[in-house]
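K.L.:
Just passing along the structure, written as C-alpha cells.
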Amino acid sequence: MRRALPEPVTVAAIVARLGGALQGAPAVPIRALATLAGAGPDAISFLTHRRHAAAARASRAGALIVAPALADTAGTAAARILTEDPYLYFARLAQWFDTLTARARAPGVDPSATVAADAVLAPGVRVCAGAVIESGATLSDGCDVGPGCVIGAGSTLGAGTRLHANVTVYHDCEIGERCIVHSGTVIGADGFGFAPSAQGWVKIPQLGGVRIGDDVEIGSNCSIDRGALDDTVIESGCKIDNLVQVAHNVRIGAGTAIAGCVGIAGSAVIGRGCMIGGGAGIRGHIEICDGVTIMGMTLVSHSISEPGTYTGVFPMTPHAQWERTAAALKQLPQWRQTLRRLAADRTNKED
Amino acid sequence: MRRALPEPVTVAAIVARLGGALQGAPAVPIRALATLAGAGPDAISFLTHRRHAAAARASRAGALIVAPALADTAGTAAARILTEDPYLYFARLAQWFDTLTARARAPGVDPSATVAADAVLAPGVRVCAGAVIESGATLSDGCDVGPGCVIGAGSTLGAGTRLHANVTVYHDCEIGERCIVHSGTVIGADGFGFAPSAQGWVKIPQLGGVRIGDDVEIGSNCSIDRGALDDTVIESGCKIDNLVQVAHNVRIGAGTAIAGCVGIAGSAVIGRGCMIGGGAGIRGHIEICDGVTIMGMTLVSHSISEPGTYTGVFPMTPHAQWERTAAALKQLPQWRQTLRRLAADRTNKED
Amino acid sequence: MRRALPEPVTVAAIVARLGGALQGAPAVPIRALATLAGAGPDAISFLTHRRHAAAARASRAGALIVAPALADTAGTAAARILTEDPYLYFARLAQWFDTLTARARAPGVDPSATVAADAVLAPGVRVCAGAVIESGATLSDGCDVGPGCVIGAGSTLGAGTRLHANVTVYHDCEIGERCIVHSGTVIGADGFGFAPSAQGWVKIPQLGGVRIGDDVEIGSNCSIDRGALDDTVIESGCKIDNLVQVAHNVRIGAGTAIAGCVGIAGSAVIGRGCMIGGGAGIRGHIEICDGVTIMGMTLVSHSISEPGTYTGVFPMTPHAQWERTAAALKQLPQWRQTLRRLAADRTNKED
C-alpha cells in the first residue's frame, strides 16, 4: 500500500529542495521512501542510529539519508545525502512526497452537507458529504471538514485546519490554525461534573468551552471535554495520539506530546514540552511542570515540580513468578517489623 | 468562552429561586458564574472548602455562595448567599444559567434525516440533520437526536432523552427517560464472544440487548455492548464518563459513577452507589457490592463484598528510583527465605 | 430483549442440523436460547463446566446441551443434547437462531448515500443512509456498509464484510472477506509520527496503509492507524474488542484475540494465537512470540520469546493496607542493604 511517486525525482532534486550534502550519483531516480529492509533500488531510505548499521549495509536502497558520523555505514547505496538530523530530513522528505502523491481536495460545499444560513465559511473552505455546520460557526480559509463531521453552533476553526471524517465539535469551541483532528474525536462534550444530593447526582452544566491553539494534532477517538466554568485549554504545537481523554478544565502546555490511551482527569495542569507515555493516567487537580516525561501506564498521583522522567508500573514476569512476588508484597508491612527487630539485635550486639 | 447572561439577574432573584440566606446587597447584578480566581464584580462564585479561603478573600466576585460555617471568609463580595451545601447550590444555579444562555432547540425532523416509515416519533421530538432512525424505533416525547446519530431497528428512547451528535444505538436497545448520551458513544454493539474451535474462533451472536434506566448520563466515545443472551443493564441515575467500556452482560447498580477510561469486563456485576476511578479495570464475572470506591487505575481482580475503598497501583517515583525498587521487587521471594532463616536463628537464640 | 424465534424448532431439528446425541423427548419445542438461570421450558440452555452443575439442576430449561461426562447433571430438562464441546455447540446454535430472528438487510444503495462515480460496487452490496464511498473504493459482493460510514478513496472491502454504523475507513486501506467492524471504529488514521526540531514537532506523513485479513472482527471505537512507510497488518482470524489502539506498523498474527481497552504501541509485533487481556499495554518495537497470554492491565515492556502467561499488576487491597504496602515498597532498596548485612553476619558466624 506504500504510495509510489507518479514520476521519479532525482537525488539531486531532493538535495536542491531540502538541503544536505550529496555523495555519489546525483541522477539516481527515486520513486518511493522506504524502510531499510523494505527499500528497493528506486527507493530512498534513512539511517538514524548506529544500531541499524547492519540493516543499512544490507539495504537495497538506491539512496540513503545519513549523518556524517555514520556515512561509512551507507553500504551499497548509489547515493547518500549527508545531514545532521536524518530523522528530521526524512520527515520533510515524507511531507514533500505526500504532496506529490496525495489526491486533490477541491474546495466547495458538498450538496449533501447541511450548513446553517448564518455560518461563516471563508473562500477555499471544503465541506464534505453529510457534514453539518451549525448556526454561527466560523470556518477560516482553507479549512477542510471531512464527511460526517458536525461543527456545533458558534465554534470556530482557524485557517488551514483539517477535520477528518466523523469528527464532532460541540458548540462554542475554538480550534486554531493548521490543526489536524482525526476521525471519531469529540471536542467539547460536557465535562464529568455532578453534585451529590439526597436525590442522587445533580448535573452541573458545563458552561466553559474548549480552546485549542495552532498546529495541534489530535488522533482518532479522543474525548476533549469542555470546561465547567473556564475553558479546557490545549496550547499550540501539542500532539495527541488516539483514544486520549482530556477532562474538563485541563490545561496542556505548548509542544507537549501525549501517546495513546492516556487519561487526564479534571483540572490537571501539564507543562510545556512534556511527553506522556501511552496508557498513563494523570489525577485531577495536580500540576506537572515543564519538561517532564511520564513512562507508559504510570499513574501520576501527585504534582511534579522537578523536570525528569517518572515511572510507576509493576514489572511484568511469567505469571507463576508474579504470583510469588504478589504474595510477598502483601507481607511487606510484617517484614518491616521483623527487619527492624533483627537490625536492632545487631545494633545491640555491636554496642 | 464562558457564556454571560444576556440580562443580569440580581442576587435577590437567585435567592428567590434557589433559596439560601442572603447577606449584604440584594441588588448586585450578576451576569456570570465563575471560579473564585476568574470572577469579576458581575460574577457569582462559590466556596466549597476552607482550604480555598485565601482564594475567596482575594476574589473579585460580586457575590459568593458559602456555607454558614465559612461565612467569615467571604472576603469583599458585596453579597453572600449562605447555604449548607454550596456545591449543590452551584450546580442548581449553573442549571438555571444554562437554560438562560442555551440556544433554542426546536422540535421537528430535519429534511436530511432518514426516518423509517414505521418508526414511532412522539410529538415534540427533534431529529437533526443526517440522523437515521431505523424500522420500528420509538422516540418518546421530547427526545432530541443529534446530527449523524443512528438509532437501530426496534430501539426505544424514553421521554426527554438527548443524544448528542454521532451517537450510535444498535437494534433492540432500550434507553430510559431524561438520559444524556454524548457523541461517539456506541450502545448495543456485539459483546466479545467467541468459542474456540479447531478452525479458529467461532462467533457467538449476541442475542441480548442493552437496557439503560432513567437519568443516566454517558460520556463521549463509550462502548456499551449488548448481552450474549440476557441484557447488559445500567440502572437509573448512573453517571459514566468518556471512553468507558461496558462489556456484555454487565450490570451496574443505580447511582453508580464511573470515571473516564474504565474497562468493565463481561458479566461483572457492580452494586449501587459505587464510584469507580479513572482507568480502573474490572475483571469479568466478579461482583462488587454496594457502596464501594475503586481508586483510579486499580484492577479489581476479585469480588468485593465489603463496602469501602480499594486500591492497587504501583506508586510513581523518579525513574531511577523505580528501577531500584523494581529490581528489589523481583527478589522478594528470595528475601522471604533469608528473612525466615534469620528470624528462626533469632527464635532459637532466645530459646 | 432476548429475541424469541418466530416459530419454535424441536430439539430433534437442532440435532439434525448441528449434530450431537439426543437424549429424552425429541419433540420439545424450543423458542429461545437462554442461560441456565434465565431459561424457561421453551428454551434450550447449556452447561460448560461442573461448577455450574447446581444451576443446571435448578434450571427450568426444556433442553440442555451438555458434555457426556456431565450428562448426569442435566436436571429436569425434558431433552438433552450430548456433545464434547457444549460451548462451541452453543455458538453454532446461536448463529442459527440469529439467522432465524435477524431482520432482513436488502442490498442496494440508499438514496441519501454519497457514492463516487468511480467507486466499484459489486452486485449484492448494501450501502445504508448517509454513508460515503469515496473515489476508487471497491466493495466486493455482499458487503454491508452501515449508516454514516465513510470509506476513503482507494480502499477495498472483501466479500461479505460488514461495517456497522458510523465506521470510518481512511484512504488506501484493505479489509479482507467476512470481516465485521463495529461502530465508531477508525481504520487508517495517521500513525503518531513526529520528528523533533528546533521549531517544534514536524509531522511525518504516514505513507503506509492498513491491511486486514479475512474473518477479522473489530469492536466499537477502536483506532487502527496506518503505517508510516509499510502497512499496519492484522492477519486473518484476529478478534479485537472495543476501544483498542493499534498503532502504526504494528503486526498482529493470525487468530490472536485482544480484549477491550488494550493499547499497542508503534511497530510492535504480536505472534499468532495470542490472547491479550483487557487494558494491557504493549510497548513499541517489541516482539511477542506465538501462543502468549498477557493478563489484563499488564504492561509488556520487553519482548517475549517463550510461550506462556505473563503478568504485571499491583494486587488490589483495601486502601489502608495498600498505603502500608506502598510505603514499604519505597524502602525496598534500603532493606536490601540491611538484609545483606544480616545475612553476611550469619554466614560469618557459621564459619
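Following the order of the C-alpha cells, chains are lettered A, B, ..., residues in each are numbered from 1, and ligands are numbered from 1.
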Excluding same-chain residues fewer than 4 positions from stretch 2-13 of chain A, what lies within 7 Å of it counting only C-alpha atoms, as a ChimeraX atom specification?
P.N.:
/A:17,26-32,100-101 /C:207-209,229-230
K.L.:
What residues in chain A lie within 6 Å of chain C, counting only C-alpha atoms, written as a ChimeraX atom specification?
P.N.:
/A:1-2,34,88,91,94-95,241,314-319
K.L.:
By how many Å are atom CA of C:Ala165 and atom CA of C:Ala259 apart?
P.N.:
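Those two atoms sit 21.3 Å apart.
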K.L.:
Once DSSP has gone over the backbone, tell me which residues of stretch 165-222 of chain C are in strand (DSSP E), as a PyMOL selection string.
P.N.:
chain C and resi 168-169+174-175+180-181+186-189+194-195+202-203+210-212+217-218
K.L.:
Restricting it to N, CA and C atoms, dump the selection as a PDB file, in the first residue's frame.
P.N.:
```pdb
ATOM      1  N   THR C 168     -15.344   4.563  10.191  1.00  0.00           N
ATOM      2  CA  THR C 168     -14.552   5.357   9.256  1.00  0.00           C
ATOM      3  C   THR C 168     -13.348   4.553   8.769  1.00  0.00           C
ATOM      4  N   VAL C 169     -13.235   4.413   7.468  1.00  0.00           N
ATOM      5  CA  VAL C 169     -12.045   3.809   6.864  1.00  0.00           C
ATOM      6  C   VAL C 169     -11.375   4.897   6.029  1.00  0.00           C
ATOM      7  N   GLU C 174      -7.109  -1.848   3.218  1.00  0.00           N
ATOM      8  CA  GLU C 174      -7.538  -3.104   2.625  1.00  0.00           C
ATOM      9  C   GLU C 174      -8.121  -3.971   3.725  1.00  0.00           C
ATOM     10  N   ILE C 175      -9.395  -4.307   3.604  1.00  0.00           N
ATOM     11  CA  ILE C 175     -10.050  -5.168   4.582  1.00  0.00           C
ATOM     12  C   ILE C 175     -10.505  -6.420   3.852  1.00  0.00           C
ATOM     13  N   ILE C 180     -16.044  -8.146  10.291  1.00  0.00           N
ATOM     14  CA  ILE C 180     -17.089  -7.354  10.943  1.00  0.00           C
ATOM     15  C   ILE C 180     -16.393  -6.216  11.673  1.00  0.00           C
ATOM     16  N   VAL C 181     -16.840  -5.003  11.427  1.00  0.00           N
ATOM     17  CA  VAL C 181     -16.261  -3.851  12.130  1.00  0.00           C
ATOM     18  C   VAL C 181     -17.400  -3.098  12.800  1.00  0.00           C
ATOM     19  N   VAL C 186     -12.180   3.439  13.760  1.00  0.00           N
ATOM     20  CA  VAL C 186     -11.484   4.230  12.746  1.00  0.00           C
ATOM     21  C   VAL C 186     -10.282   3.421  12.250  1.00  0.00           C
ATOM     22  N   ILE C 187     -10.251   3.166  10.970  1.00  0.00           N
ATOM     23  CA  ILE C 187      -9.172   2.366  10.378  1.00  0.00           C
ATOM     24  C   ILE C 187      -8.402   3.229   9.397  1.00  0.00           C
ATOM     25  N   GLY C 188      -7.105   3.379   9.655  1.00  0.00           N
ATOM     26  CA  GLY C 188      -6.260   4.079   8.698  1.00  0.00           C
ATOM     27  C   GLY C 188      -5.963   5.524   9.009  1.00  0.00           C
ATOM     28  N   ALA C 189      -6.286   5.997  10.210  1.00  0.00           N
ATOM     29  CA  ALA C 189      -5.869   7.362  10.576  1.00  0.00           C
ATOM     30  C   ALA C 189      -4.344   7.395  10.655  1.00  0.00           C
ATOM     31  N   PHE C 194       6.204  12.102  14.606  1.00  0.00           N
ATOM     32  CA  PHE C 194       6.671  13.478  14.555  1.00  0.00           C
ATOM     33  C   PHE C 194       8.170  13.489  14.816  1.00  0.00           C
ATOM     34  N   ALA C 195       8.891  14.298  14.082  1.00  0.00           N
ATOM     35  CA  ALA C 195      10.321  14.458  14.335  1.00  0.00           C
ATOM     36  C   ALA C 195      10.512  15.735  15.143  1.00  0.00           C
ATOM     37  N   VAL C 202       7.684  18.123  13.927  1.00  0.00           N
ATOM     38  CA  VAL C 202       7.439  18.154  12.486  1.00  0.00           C
ATOM     39  C   VAL C 202       6.712  16.869  12.111  1.00  0.00           C
ATOM     40  N   LYS C 203       5.545  17.037  11.518  1.00  0.00           N
ATOM     41  CA  LYS C 203       4.740  15.853  11.180  1.00  0.00           C
ATOM     42  C   LYS C 203       5.424  14.969  10.150  1.00  0.00           C
ATOM     43  N   VAL C 210      -3.276   0.236   5.914  1.00  0.00           N
ATOM     44  CA  VAL C 210      -3.684  -0.811   6.859  1.00  0.00           C
ATOM     45  C   VAL C 210      -4.121  -2.004   6.020  1.00  0.00           C
ATOM     46  N   ARG C 211      -3.697  -3.190   6.418  1.00  0.00           N
ATOM     47  CA  ARG C 211      -4.080  -4.404   5.697  1.00  0.00           C
ATOM     48  C   ARG C 211      -4.637  -5.391   6.700  1.00  0.00           C
ATOM     49  N   ILE C 212      -5.898  -5.710   6.545  1.00  0.00           N
ATOM     50  CA  ILE C 212      -6.609  -6.600   7.471  1.00  0.00           C
ATOM     51  C   ILE C 212      -7.023  -7.848   6.715  1.00  0.00           C
ATOM     52  N   GLU C 217     -12.757  -9.669  13.319  1.00  0.00           N
ATOM     53  CA  GLU C 217     -13.814  -8.830  13.902  1.00  0.00           C
ATOM     54  C   GLU C 217     -13.167  -7.778  14.782  1.00  0.00           C
ATOM     55  N   ILE C 218     -13.615  -6.550  14.616  1.00  0.00           N
ATOM     56  CA  ILE C 218     -13.070  -5.425  15.389  1.00  0.00           C
ATOM     57  C   ILE C 218     -14.238  -4.738  16.078  1.00  0.00           C
TER      58      ILE C 218
END
```
K.L.:
Just asking: which residues within stretch 32-241 of chain A are alpha helix (DSSP H) according to DSSP, as a ChimeraX atom specification?
P.N.:
/A:53-58,86-101
